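Heads up: the structure comes next, in structure tokens.
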Amino acid sequence: MLLEHRGRRPVVPESAYVAPSAVLCGAVVLGEGSRVLHGAVLTAESGEVRLGENSVVMENALVRGRADHPALIGDAVLVGPHAHVNGATVEDEVFIATGAALFPGSVAGAGAELRINSVLHVNSRLEAGTILPIGWIAAGNPAQLFSPDRHEELWQIQRELDFPGTVYGVPRGTPLREIMARQSAFYGAHREDRLVEDRTGEDRPVDPS
């Protein structure tokens with residue numbers, strides 16, 4: 001499904017493939033030979049999503065572009081099933097395994113590997129060629145790697161990365177009710193989305209019911 005959002009439409013070259021159950025929303029640009037498989041969602045909320053040449057987004061993955069942090073994915077990248085690439089830059093030939101998560105402002109350097117259920121934190125850079133082990137967390141610039149049991153050490157770095165400011169635009173300690181009111185208003189823009197027919201037909205508004 002291709003959707004126009006905030007006045008922008010996906011761009012899909014003839015050599016690319018988008019599965020019928022995948023969603024491309026807004027300013028999403030696919031590279032030559034790219035593949036977006038069933039259930040994947042590429043959504044340009046207020047910033048672009050770009051997928052490079054011969055890159056593959058597998059089933060049920062999410063790629064989200066943001067105003068200050070577009071999602072920029074290089075060439076020959078694998079985004080595995082259920083992975084989450086949110087406002088991150090992914091350089092060429094990066095392997096993102098099942099369930100891995102990359103948060104806004106993060107960078108995965110060329111040839112890096114993010115293994116199953118690993119996390120690249122906000123505003124952190126994983127250096128080129130680095131392997132982030134299964135379930136581990138990378139935080140900082142350059143990133144340090146932490147096993148899940150090292151929470152107190154991780155927090156010493158993580159708290160300086162400003163997750164709430166980067167992701168929600170609010171200071172730490174802002175009540176969740178306020179955050180969610182802002183999020184509700186922001187995502188309300190989807191009520192105006194329009195369905196773009198497959199390259200040839202007329203546009204149709206999305207049924208809001």
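All residue names refer to the structure tokens as shown: chains lettered A, B, ... in order, residues numbered from 1 in each chain, ligands numbered from 1 in order.
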Which polymer residues have any atom within 8 Å of an atom of region 18-32 of chain A, counting only C-alpha atoms, with same-chain residues fewer than 4 positions away left out, as a ChimeraX atom specification? /A:1-14,36-45,47-55
Out of chain A, which residues get strand (DSSP E or B) from DSSP, as a ChimeraX atom specification? /A:2-5,8,11,17-18,23-25,28-30,35-36,41-44,49-51,56-57,62-65,71-73,78-79,84-86,89-90,95-96,101-102,107-108,113-114,119-120,125-126,131-132,137-139,144-146,194-196,204-205
Contacts between region 61-81 of chain A and region 87-203 of chain A, please, where a residue of region 87-203 of chain A counts if it comes within 8 Å (with only C-alpha atoms); show its shortest atom pair and distance in Å to one decimal, rows by chain and ascending number, as a Markdown table.
```
| residue | atom | partner | partner_atom | distance |
| --- | --- | --- | --- | --- |
| A:Gly87 | CA | A:Ala71 | CA | 4.5 |
| A:Ala88 | CA | A:Ala71 | CA | 5.0 |
| A:Thr89 | CA | A:Leu72 | CA | 4.7 |
| A:Val90 | CA | A:Ile73 | CA | 4.6 |
| A:Glu91 | CA | A:Gly74 | CA | 4.8 |
| A:Asp92 | CA | A:Gly74 | CA | 4.5 |
| A:Glu93 | CA | A:Val77 | CA | 4.8 |
| A:Val94 | CA | A:Val77 | CA | 5.0 |
| A:Phe95 | CA | A:Leu78 | CA | 5.1 |
| A:Ile96 | CA | A:Val79 | CA | 4.9 |
| A:Ala97 | CA | A:Gly80 | CA | 4.7 |
| A:Thr98 | CA | A:Gly80 | CA | 4.7 |
| A:Gly99 | CA | A:Pro81 | CA | 6.5 |
| A:Ala100 | CA | A:Gly80 | CA | 7.8 |
| A:Pro104 | CA | A:His69 | CA | 6.0 |
| A:Gly105 | CA | A:His69 | CA | 5.9 |
```
Can I get the selected residues back with C-alpha atoms, as a PDB file, in the first residue's frame?
```pdb
ATOM      1  CA  GLY A  87      15.370   8.041  12.629  1.00  0.00           C
ATOM      2  CA  ALA A  88      18.707   6.288  12.216  1.00  0.00           C
ATOM      3  CA  THR A  89      21.448   6.379   9.585  1.00  0.00           C
ATOM      4  CA  VAL A  90      22.543   2.961   8.360  1.00  0.00           C
ATOM      5  CA  GLU A  91      25.625   2.931   6.155  1.00  0.00           C
ATOM      6  CA  ASP A  92      26.336   0.399   3.381  1.00  0.00           C
ATOM      7  CA  GLU A  93      26.446  -3.367   3.937  1.00  0.00           C
ATOM      8  CA  VAL A  94      25.040  -3.343   7.461  1.00  0.00           C
ATOM      9  CA  PHE A  95      23.296  -6.470   8.767  1.00  0.00           C
ATOM     10  CA  ILE A  96      20.362  -5.750  11.101  1.00  0.00           C
ATOM     11  CA  ALA A  97      19.055  -9.002  12.558  1.00  0.00           C
ATOM     12  CA  THR A  98      15.595 -10.001  13.762  1.00  0.00           C
ATOM     13  CA  GLY A  99      14.223  -7.689  16.442  1.00  0.00           C
ATOM     14  CA  ALA A 100      17.145  -5.255  16.518  1.00  0.00           C
ATOM     15  CA  PRO A 104      16.812   8.464  16.534  1.00  0.00           C
ATOM     16  CA  GLY A 105      20.152  10.077  15.860  1.00  0.00           C
TER      17      GLY A 105
END
```
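The space between CA of Gln156 (chain A) and CA of Gly135 (chain A) spans 19.0 Å.
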Pick out each residue of chain A that DSSP on the backbone tags as alpha helix (DSSP H); I need them as a PyMOL selection string. chain A and resi 151-158+163-168+176-187
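Once Asp149 (chain A) and its same-chain neighbours fewer than 5 positions away are set aside, A:Gly135, A:Trp136, A:Ile137, A:Leu154, A:Trp155 remain within 12 Å of it when counting only C-alpha atoms.
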Write the residues you've just listed into a file as a PDB file, in the first residue's frame, and include C-alpha atoms for each of them.
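Saved as selection31.pdb:
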```pdb
ATOM      1  CA  GLY A 135      20.633  -8.757  23.125  1.00  0.00           C
ATOM      2  CA  TRP A 136      23.410  -6.242  23.845  1.00  0.00           C
ATOM      3  CA  ILE A 137      23.086  -2.435  23.897  1.00  0.00           C
ATOM      4  CA  LEU A 154      24.886   1.678  30.822  1.00  0.00           C
ATOM      5  CA  TRP A 155      22.757   4.289  32.586  1.00  0.00           C
TER       6      TRP A 155
END
```
Counting only C-alpha atoms, which residue out of A:Val167, A:Ile116, A:Val57, A:Ile179 sits closest to Asn86 (chain A)? A:Val167
Two-atom distance - CA of Ile131 (chain A), CA of Glu153 (chain A) (Å):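 Interatomic distance, CA of Ile131 (chain A) to CA of Glu153 (chain A): 19.8 Å.
Atom pair CA of Arg115 (chain A) / CA of Leu132 (chain A) has a distance of 6.0 Å (rounded to one decimal).
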